[in-house]
Amino acid sequence: MSPRNPGTELDLSWISKVQVNQPAVLRRAQQIQARRTVKKEWQAAWLLKAVTFIDLTTLSGDDTYSNIQRLCYKAKYPIRKDLLEALNMHDKGITTAAVCVYPARVCDAVKALQVASCHIPVASVATGFPAGQTHLKTRLEEIKLAVEDGAMEIDVVINRTLVLTGQWEGSDFIKTSTGKETVNATFPVAIVMLRAIRDFFWKTGNKVGFKPAGGIRSAKDSLAWLSLIKEELGDEWLKPELFRIGASALLSDIERQIYHHVTGRYAAYHDLPMC
Amino acid sequence: MRAGVIGLILPPTFSFLEMMWRICPALAVGCTVVVLAPPASLTPLLLAQLAGELGQFPGILNVLSGPAALALALAAQPGVQKVAFCGAIEEGRALRRLLAGTGPELGLALGTESLMLLTDAADVDSAVEGVVDAAWSDRSPGGLRLLIQESVWDEAMRRLQARMARLRVGRGLDGAVDMGARGAAARELAQRYEQEALSQGAQVFQAGDVPLDSPFFPPTLVSELPPSSPCAQAEVPWPLVLASPFRTAKEALAVANGTPRGGGASVWSERLGQALELGYGLRVGTVWINAHGLRDPAVPAGGCKESGSSWHGGLDGLYEYLRPPGTPPRRPCHSQDLNYDTFGLAVPSALPAGPETGPSPAPPYGLFVGGRFQAPGARSSRPIRDAQGNLHGYVAEGGAKDIRVAVEAAHQAAPGWVGQSPGARAALLWALAAALECREPALASRLQRHGVQPKAAQAEVELSVRRLRAWGARAQAQSHSLQVAELRGPVLRLREPLGVLAIVCPDECPLLAFVSLLAPALAHGNTVVVVPSETCPIPALEVCQDMASSLPAGLVNVVTGDRDHLTRCLALHQDVQALWYFGSAQGSQFAEWASAGNLKPVWAKGGCPQAWDQEAGGAGPELELRAARTKALWLPMGD
């Protein structure tokens with residue numbers, strides 16, 4: 001894990017000096033997706049790198065041990081072994097960055113990962129996910145219980161009431177949204193957040209991580225996200241300690257792209273193990 | 001109606017887009033095009049071949065490959081009505097001198113430098129992206145002059161340098177690069193500028209992923225260049241950015257307007273009031289607010305000052321290839337043996353041949369400069385003879401010094417006049433018309449003394465009064481908003497005054513021509529220096545007596561004297577923004593040649609008399625177009 005963000009004094013004048021010009025940011029967002037296209041073996045390499053950033057997520061009402069176990073196994077072996085062997089990457093220990101589940105399922109996830117002898121962290125959403133409209137007492141209790149069960153990372157939903165009334169909190173990572181809204185991770189929003197991360201680093205020397213979540217389904221999108229981070233923040237942020245992608249279906253699309261790169265053919269749904 | 005045959009001259013480093021911007025509108029309005037392309041480029045030839053395959057209309061697009069010296073031969077062909085050129089400023093100047101008097105109108109679009117104003121209320125990150133678009137990408141036309149407000153200097157420089165480190169330079173067709181190369185000549189120009197800047201003590205920062213071999217040149221940021229060094233005034237080549245600080249918005253405008261170029265500029269500020277103030281104050285052809293380099297076929301793009309005055313895109317782009325119905329085609333008036341060095345240099349002495357007979361004349365008219373009549377610098381007068389050869393009166397012999405004083409007076413009056421609301425301008429013109437109406441009998445009798453028939457004289461005076469009133473009514477703030485696809489937010493086409501307009505009146509219709517030229521110039525917010533008819537300046541001077549009381553001082557300045565000499569002074573003056581010449585053919589040629597000094601737009605008719613009493617000649621749309629310049633103001637919106 002990256003060193004914790006020690007935080008700074010809340011300086012609202014810093015925030016009020018920030019100017020964001022929306023049309024210009026939209027133009028930049030369009031540009032990012034068009035330039036920096038990666039092809040062939042470099043694309044395969046970038047896709048494998050993208051896999052290492054994924055927080056493989058399942059946040060459904062009907063999660064049980066069986067699908068959590070399948071998820072954890074997929075987290076340990078995200079890409080089919082023979083495809084990795086064809087790329088000569090089978091011994092690099094490629095796994096996803098973490099597994100992300102509801103607090104009640106943390107136990108199951110920890111157990112499944114132990115059985116698979118995989119050391120990736122379990123992340124838990126907490127604090128009244130996704131709306132965040134529960135009492136502070138229960139929210140703190142949720143976090144405590146999740147950590148006791150073995151969660152190493154917590155995705156906290158901030159109290160939007162406090163935000164909208166101007167009362168702020170600090171964090172190690174900032175996430176675009178819960179992933180359960182109608183509009184989730186879009187490039188213009190991300191550009192503004194990344195610029196804020198960079199400004200914070202320049203001012204205080206502390207690196208805050210970034211996690212877009214929700215709506216990232218295709219491998220092409222994930223490559224655009226990677227190049228966005230690379231352009232705006234640099235290679236230092238292209239590490240699981242500072243960058244995560246919250247996704248579930250993305251992994252299958254990446255695997256299909258890798259299958260196509262290795263074999264030259266398009267995979268059927270049943271060719272690749274599900275998460 | 002369409003102009004006729006258009007000649008297009010392409011410089012050695014033209015871009016395909018620039019060529020199409022000129023060929024397409026010309027063809028669209030019905031002109032035919034002859035392109036003179038540099039010998040090494042094949043693209044225009046391919047285009048002509050494709051055009052030839054259209055079958056039904058052979059010859060609408062013709063391409064010649066040859067050296068630039070052929071431009072003279074092209075312009076001298078009968079039927080060529082306009083020659084368009086886009087390229088470097090010095091080449092444009094040389095072309096203007098070469099083609100003086102040949103007949104076709106010359107449209108110049110010169111220079112590639114753009115300007116950016118970064119205020120402290122800007123979104124600096126987005127402005128940095130704007131800099132990348134403006135100077136460090138394949139879309140950039142040229143280099144960038146970047147003015148940064150002092151309070152955000154450090155922040156802006158840091159972000160610029162960080163952004164430069166991420167740029168990638170390589171072969172243009174590689175999908176993942178930002179910038180390609182533009183040939184050895186461009187690289188040499190950039191290198192030379194960089195060396196010179198370094199030798200003057202500037203800081204040069206270069207970064208980015210650049211292949212070491214030529215002809216790639218890295219993105220470059222030059223700062224701390226002393227403003228007095230020669231390369232601070234020169235055009236910034238691609239891919240360089242010259243950054244300089246400013247303290248207040250007012251200073252920014254002064255610095256930004258302090259170069260001879262006036263192409264495109266962007267203003268970055270989230271404060272609407274400040275952004276608009278700067279946008280309106282910049283003397284450039286296009287202003288983008290919080291954006292840079294946006295283009296659309298429906299929006300006119302062009303420049304002012306030494307960036308030439310020809311437009312592409314929008315209405316103005318089409319007007320380039322049209323002429324008003326009823327105007328005759330242009331004819332050449334070129335004379336090989338016109339000596340530019342001696343034309344109008346000496347003033348022929350006008351001493352009377354013998355003692356004067358007849359009644360003692362009235363005291364001589366002075367020059368009407370700065371709102372009052374003054375004696376000329378040379379302290380001499382010239383006699384004006386009427387149709388019978390008798391002495392009508394004396395008028396001042398104006399010289400170079402008087403022109404200088406007149407232009408200064410006009411510049412002093414300009415801000416006040418521009419600041420007047422259109423209604424106020426209209427009121428003043430109507431007041432002048434009313435004063436003229438009272439003076440109708442006197443004016444008519446003056447005209448009759450010069451051989452004009454009584455009825456015609458009366459009609460001329462009445463028409464002059466009507467024209468003044470009509471132009472007064474048309475003095476409106478002209479700006480309308482254009483429809484641009486893919487842009488949320490308005491784009492305004494503003495019509496702004498040129499500045500100081502020099503008008504040399506014809507000998508025919510001494511009063512009517514004077515008024516017909518003066519009125520549109522004033523109505524559009526210009527201040528003028530007028531040289532009235534050489535043979536009959538007295539009606540104009542009578543009008544000045546009314547102007548002394550009804551118009552602000554310095555708005556109209558009338559200088560009488562030897563027309564060629566005064567034309568020489570005005571055409572060579574670097575601070576006159578435009579020249580309208582209606583004198584002789586030789587004078588037209590000289591005016592066009594001399595305008596190359598500051599590339600002022602010259603409207604010269606080659607010595608052909610105009611039908612001033614006709615609407616087309618005397619009050620037509622051409623006057624309206626030429627009395628003001630266009631500016632496109634882009635206002636992308638969104639929050």
# chains A, B, ... in the order shown; residues from 1 in each chain; ligands from 1
>>> interface_residues(of="chain A", to="chain B", cutoff="7 Å", atoms="only C-alpha atoms", output="ChimeraX atom specification")
/A:19-25,35-37,231
>>> select_by_dssp(residues="region 270-416 of chain B", states="alpha helix (DSSP H)", output="JSON, numbers by chain")
{"B": [272, 273, 274, 275, 276, 277, 278, 279, 280, 281, 314, 315, 316, 317, 318, 319, 400, 401, 402, 403, 404, 405, 406, 407, 408, 409, 410, 411, 412, 413, 414, 415, 416]}
>>> residues_around(residues="Phe514 (chain B)", least_positions_apart="5", cutoff="7 Å", atoms="only C-alpha atoms", output="PDB file with N, CA and C atoms, in the first residue's frame")
ATOM      1  N   CYS B 505     -10.026  62.002 -52.872  1.00  0.00           N
ATOM      2  CA  CYS B 505     -11.259  62.111 -53.657  1.00  0.00           C
ATOM      3  C   CYS B 505     -10.974  62.284 -55.144  1.00  0.00           C
ATOM      4  N   PRO B 532      -9.374  66.405 -50.801  1.00  0.00           N
ATOM      5  CA  PRO B 532     -10.503  66.607 -51.725  1.00  0.00           C
ATOM      6  C   PRO B 532     -10.011  66.749 -53.165  1.00  0.00           C
ATOM      7  N   ALA B 540     -15.795  71.162 -50.760  1.00  0.00           N
ATOM      8  CA  ALA B 540     -15.447  70.358 -49.589  1.00  0.00           C
ATOM      9  C   ALA B 540     -15.075  71.255 -48.421  1.00  0.00           C
TER      10      ALA B 540
END
>>> residues_around(residues="Ser15 (chain B)", least_positions_apart="4", cutoff="12 Å", atoms="only C-alpha atoms", output="list in words")
Leu10, Pro11, Met19, Met20, Trp21, Arg22, Ala37, Ser41, Thr43, Pro44, Cys86, Gly87, Thr112, Asp138, Arg139, Ser140, Pro141, Gly142 and Arg182 of chain B
>>> residues_around(residues="Arg187 (chain B)", least_positions_apart="3", cutoff="10 Å", atoms="only C-alpha atoms", output="PDB file with all heavy atoms, in the first residue's frame")
ATOM      1  N   ALA B 181       6.797  16.812 -38.299  1.00  0.00           N
ATOM      2  CA  ALA B 181       7.815  17.772 -38.726  1.00  0.00           C
ATOM      3  C   ALA B 181       7.276  18.527 -39.923  1.00  0.00           C
ATOM      4  O   ALA B 181       6.386  18.035 -40.616  1.00  0.00           O
ATOM      5  CB  ALA B 181       9.094  17.046 -39.104  1.00  0.00           C
ATOM      6  N   ARG B 182       7.809  19.715 -40.163  1.00  0.00           N
ATOM      7  CA  ARG B 182       7.298  20.511 -41.287  1.00  0.00           C
ATOM      8  C   ARG B 182       8.374  20.868 -42.277  1.00  0.00           C
ATOM      9  O   ARG B 182       8.282  21.877 -42.944  1.00  0.00           O
ATOM     10  CB  ARG B 182       6.648  21.783 -40.757  1.00  0.00           C
ATOM     11  CG  ARG B 182       5.381  21.451 -40.043  1.00  0.00           C
ATOM     12  CD  ARG B 182       4.576  22.647 -39.738  1.00  0.00           C
ATOM     13  NE  ARG B 182       3.471  22.262 -38.871  1.00  0.00           N
ATOM     14  CZ  ARG B 182       2.590  23.105 -38.373  1.00  0.00           C
ATOM     15  NH1 ARG B 182       2.697  24.385 -38.653  1.00  0.00           N
ATOM     16  NH2 ARG B 182       1.631  22.691 -37.593  1.00  0.00           N
ATOM     17  N   GLY B 183       9.397  20.036 -42.346  1.00  0.00           N
ATOM     18  CA  GLY B 183      10.398  20.291 -43.378  1.00  0.00           C
ATOM     19  C   GLY B 183      11.611  21.007 -42.831  1.00  0.00           C
ATOM     20  O   GLY B 183      11.609  21.584 -41.756  1.00  0.00           O
ATOM     21  N   ALA B 184      12.670  20.959 -43.605  1.00  0.00           N
ATOM     22  CA  ALA B 184      13.949  21.506 -43.148  1.00  0.00           C
ATOM     23  C   ALA B 184      13.883  23.019 -42.987  1.00  0.00           C
ATOM     24  O   ALA B 184      14.494  23.577 -42.078  1.00  0.00           O
ATOM     25  CB  ALA B 184      15.042  21.122 -44.141  1.00  0.00           C
ATOM     26  N   ALA B 190      13.013  27.785 -36.879  1.00  0.00           N
ATOM     27  CA  ALA B 190      12.837  27.610 -35.444  1.00  0.00           C
ATOM     28  C   ALA B 190      14.190  27.629 -34.732  1.00  0.00           C
ATOM     29  O   ALA B 190      14.348  28.255 -33.682  1.00  0.00           O
ATOM     30  CB  ALA B 190      12.105  26.291 -35.175  1.00  0.00           C
ATOM     31  N   GLN B 191      15.143  26.959 -35.353  1.00  0.00           N
ATOM     32  CA  GLN B 191      16.468  26.877 -34.743  1.00  0.00           C
ATOM     33  C   GLN B 191      17.090  28.265 -34.617  1.00  0.00           C
ATOM     34  O   GLN B 191      17.654  28.632 -33.595  1.00  0.00           O
ATOM     35  CB  GLN B 191      17.354  26.005 -35.621  1.00  0.00           C
ATOM     36  CG  GLN B 191      18.649  25.633 -34.970  1.00  0.00           C
ATOM     37  CD  GLN B 191      18.820  24.118 -35.040  1.00  0.00           C
ATOM     38  OE1 GLN B 191      18.603  23.543 -36.092  1.00  0.00           O
ATOM     39  NE2 GLN B 191      19.148  23.518 -33.934  1.00  0.00           N
ATOM     40  N   ARG B 192      16.955  29.027 -35.699  1.00  0.00           N
ATOM     41  CA  ARG B 192      17.545  30.357 -35.711  1.00  0.00           C
ATOM     42  C   ARG B 192      16.927  31.224 -34.627  1.00  0.00           C
ATOM     43  O   ARG B 192      17.612  31.957 -33.913  1.00  0.00           O
ATOM     44  CB  ARG B 192      17.325  31.016 -37.071  1.00  0.00           C
ATOM     45  CG  ARG B 192      18.624  31.535 -37.654  1.00  0.00           C
ATOM     46  CD  ARG B 192      18.456  32.135 -39.023  1.00  0.00           C
ATOM     47  NE  ARG B 192      17.767  31.307 -39.963  1.00  0.00           N
ATOM     48  CZ  ARG B 192      16.881  31.759 -40.857  1.00  0.00           C
ATOM     49  NH1 ARG B 192      16.602  33.025 -40.918  1.00  0.00           N
ATOM     50  NH2 ARG B 192      16.279  30.936 -41.690  1.00  0.00           N
ATOM     51  N   TYR B 193      15.607  31.127 -34.496  1.00  0.00           N
ATOM     52  CA  TYR B 193      14.922  31.926 -33.481  1.00  0.00           C
ATOM     53  C   TYR B 193      15.409  31.530 -32.101  1.00  0.00           C
ATOM     54  O   TYR B 193      15.679  32.383 -31.249  1.00  0.00           O
ATOM     55  CB  TYR B 193      13.408  31.707 -33.605  1.00  0.00           C
ATOM     56  CG  TYR B 193      12.582  32.684 -32.817  1.00  0.00           C
ATOM     57  CD1 TYR B 193      12.103  33.847 -33.414  1.00  0.00           C
ATOM     58  CD2 TYR B 193      12.263  32.449 -31.490  1.00  0.00           C
ATOM     59  CE1 TYR B 193      11.339  34.748 -32.706  1.00  0.00           C
ATOM     60  CE2 TYR B 193      11.505  33.356 -30.774  1.00  0.00           C
ATOM     61  CZ  TYR B 193      11.043  34.499 -31.386  1.00  0.00           C
ATOM     62  OH  TYR B 193      10.289  35.396 -30.679  1.00  0.00           O
ATOM     63  N   SER B 214      17.068  15.023 -37.587  1.00  0.00           N
ATOM     64  CA  SER B 214      16.273  16.079 -38.206  1.00  0.00           C
ATOM     65  C   SER B 214      15.250  15.413 -39.105  1.00  0.00           C
ATOM     66  O   SER B 214      15.449  14.294 -39.509  1.00  0.00           O
ATOM     67  CB  SER B 214      17.193  16.997 -38.998  1.00  0.00           C
ATOM     68  OG  SER B 214      17.138  16.700 -40.368  1.00  0.00           O
ATOM     69  N   PRO B 215      14.159  16.003 -39.521  1.00  0.00           N
ATOM     70  CA  PRO B 215      13.858  17.413 -39.296  1.00  0.00           C
ATOM     71  C   PRO B 215      12.931  17.658 -38.117  1.00  0.00           C
ATOM     72  O   PRO B 215      12.156  18.588 -38.139  1.00  0.00           O
ATOM     73  CB  PRO B 215      13.154  17.792 -40.599  1.00  0.00           C
ATOM     74  CG  PRO B 215      12.408  16.560 -40.977  1.00  0.00           C
ATOM     75  CD  PRO B 215      13.184  15.388 -40.451  1.00  0.00           C
ATOM     76  N   PHE B 216      13.019  16.849 -37.064  1.00  0.00           N
ATOM     77  CA  PHE B 216      12.119  17.055 -35.936  1.00  0.00           C
ATOM     78  C   PHE B 216      12.660  18.127 -35.006  1.00  0.00           C
ATOM     79  O   PHE B 216      13.833  18.148 -34.692  1.00  0.00           O
ATOM     80  CB  PHE B 216      11.949  15.749 -35.162  1.00  0.00           C
ATOM     81  CG  PHE B 216      11.279  14.690 -35.981  1.00  0.00           C
ATOM     82  CD1 PHE B 216      11.993  13.616 -36.469  1.00  0.00           C
ATOM     83  CD2 PHE B 216       9.936  14.795 -36.301  1.00  0.00           C
ATOM     84  CE1 PHE B 216      11.371  12.650 -37.248  1.00  0.00           C
ATOM     85  CE2 PHE B 216       9.315  13.830 -37.077  1.00  0.00           C
ATOM     86  CZ  PHE B 216      10.036  12.765 -37.550  1.00  0.00           C
ATOM     87  N   PHE B 217      11.773  18.965 -34.559  1.00  0.00           N
ATOM     88  CA  PHE B 217      12.175  20.027 -33.630  1.00  0.00           C
ATOM     89  C   PHE B 217      11.310  19.898 -32.390  1.00  0.00           C
ATOM     90  O   PHE B 217      10.108  19.750 -32.500  1.00  0.00           O
ATOM     91  CB  PHE B 217      11.964  21.397 -34.288  1.00  0.00           C
ATOM     92  CG  PHE B 217      12.674  22.502 -33.575  1.00  0.00           C
ATOM     93  CD1 PHE B 217      14.018  22.744 -33.818  1.00  0.00           C
ATOM     94  CD2 PHE B 217      12.018  23.278 -32.644  1.00  0.00           C
ATOM     95  CE1 PHE B 217      14.681  23.760 -33.151  1.00  0.00           C
ATOM     96  CE2 PHE B 217      12.670  24.293 -31.973  1.00  0.00           C
ATOM     97  CZ  PHE B 217      14.011  24.543 -32.224  1.00  0.00           C
ATOM     98  N   PRO B 218      11.926  19.929 -31.216  1.00  0.00           N
ATOM     99  CA  PRO B 218      11.119  19.700 -30.019  1.00  0.00           C
ATOM    100  C   PRO B 218      10.225  20.887 -29.693  1.00  0.00           C
ATOM    101  O   PRO B 218      10.529  22.012 -30.065  1.00  0.00           O
ATOM    102  CB  PRO B 218      12.181  19.524 -28.924  1.00  0.00           C
ATOM    103  CG  PRO B 218      13.374  20.238 -29.418  1.00  0.00           C
ATOM    104  CD  PRO B 218      13.350  20.136 -30.904  1.00  0.00           C
ATOM    105  N   PRO B 237       8.106  31.458 -34.748  1.00  0.00           N
ATOM    106  CA  PRO B 237       7.889  30.318 -35.646  1.00  0.00           C
ATOM    107  C   PRO B 237       7.362  29.099 -34.908  1.00  0.00           C
ATOM    108  O   PRO B 237       7.458  29.014 -33.696  1.00  0.00           O
ATOM    109  CB  PRO B 237       9.298  30.057 -36.203  1.00  0.00           C
ATOM    110  CG  PRO B 237      10.225  30.541 -35.145  1.00  0.00           C
ATOM    111  CD  PRO B 237       9.531  31.642 -34.408  1.00  0.00           C
ATOM    112  N   TRP B 238       6.841  28.157 -35.655  1.00  0.00           N
ATOM    113  CA  TRP B 238       6.392  26.887 -35.092  1.00  0.00           C
ATOM    114  C   TRP B 238       7.601  26.039 -34.811  1.00  0.00           C
ATOM    115  O   TRP B 238       8.519  26.018 -35.623  1.00  0.00           O
ATOM    116  CB  TRP B 238       5.490  26.223 -36.125  1.00  0.00           C
ATOM    117  CG  TRP B 238       4.891  24.923 -35.718  1.00  0.00           C
ATOM    118  CD1 TRP B 238       3.743  24.737 -35.012  1.00  0.00           C
ATOM    119  CD2 TRP B 238       5.421  23.618 -35.980  1.00  0.00           C
ATOM    120  NE1 TRP B 238       3.522  23.398 -34.842  1.00  0.00           N
ATOM    121  CE2 TRP B 238       4.532  22.686 -35.421  1.00  0.00           C
ATOM    122  CE3 TRP B 238       6.535  23.144 -36.633  1.00  0.00           C
ATOM    123  CZ2 TRP B 238       4.723  21.313 -35.499  1.00  0.00           C
ATOM    124  CZ3 TRP B 238       6.735  21.770 -36.710  1.00  0.00           C
ATOM    125  CH2 TRP B 238       5.830  20.878 -36.139  1.00  0.00           C
ATOM    126  N   PRO B 239       7.718  25.231 -33.749  1.00  0.00           N
ATOM    127  CA  PRO B 239       6.769  25.066 -32.651  1.00  0.00           C
ATOM    128  C   PRO B 239       7.223  25.780 -31.384  1.00  0.00           C
ATOM    129  O   PRO B 239       7.390  25.156 -30.350  1.00  0.00           O
ATOM    130  CB  PRO B 239       6.817  23.553 -32.441  1.00  0.00           C
ATOM    131  CG  PRO B 239       8.244  23.183 -32.770  1.00  0.00           C
ATOM    132  CD  PRO B 239       8.806  24.232 -33.675  1.00  0.00           C
TER     133      PRO B 239
END
>>> closest_residue(among="A:Leu228, A:Leu83, A:Ala116, A:Ala219", to="Ser252 (chain A)", atoms="only C-alpha atoms")
A:Ala219
>>> atom_distance(atom1="CA of Ala123 (chain A)", atom2="CA of Met193 (chain A)")
21.9 Å
>>> residues_around(residues="Val110 (chain A)", least_positions_apart="5", cutoff="8 Å", atoms="only C-alpha atoms", output="PyMOL selection string")
chain A and resi 122+149-151
>>> closest_residue(among="B:Pro325, B:Gly370, B:Gly393, B:Gly55", to="Gln614 (chain B)", atoms="only C-alpha atoms")
B:Pro325
>>> residues_around(residues="Val530 (chain B)", least_positions_apart="3", cutoff="9 Å", atoms="only C-alpha atoms", output="list in words")
Leu501, Ala502, Ile503, Val504, Cys505, Phe514, Leu518, Val556, Asn557, Val558, Val559 and Thr560 of chain B
>>> write_last_selection(atoms="C-alpha atoms", output="PDB file, in the first residue's frame")
ATOM      1  CA  LEU B 501      -8.985  56.059 -43.012  1.00  0.00           C
ATOM      2  CA  ALA B 502      -7.276  58.125 -45.687  1.00  0.00           C
ATOM      3  CA  ILE B 503      -9.481  59.154 -48.601  1.00  0.00           C
ATOM      4  CA  VAL B 504      -8.245  60.766 -51.809  1.00  0.00           C
ATOM      5  CA  CYS B 505     -11.259  62.111 -53.657  1.00  0.00           C
ATOM      6  CA  PHE B 514     -16.509  63.809 -51.065  1.00  0.00           C
ATOM      7  CA  LEU B 518     -16.867  60.470 -46.044  1.00  0.00           C
ATOM      8  CA  VAL B 556     -12.572  64.752 -40.205  1.00  0.00           C
ATOM      9  CA  ASN B 557      -9.364  66.344 -41.394  1.00  0.00           C
ATOM     10  CA  VAL B 558      -9.160  67.871 -44.838  1.00  0.00           C
ATOM     11  CA  VAL B 559      -5.794  68.573 -46.404  1.00  0.00           C
ATOM     12  CA  THR B 560      -5.618  70.313 -49.761  1.00  0.00           C
TER      13      THR B 560
END
>>> closest_residue(among="B:Arg493, B:Arg629, B:Lys600, B:Arg467", to="Trp612 (chain B)", atoms="only C-alpha atoms")
B:Arg467
>>> atom_distance(atom1="CA of Arg160 (chain A)", atom2="CA of Arg105 (chain A)")
25.5 Å
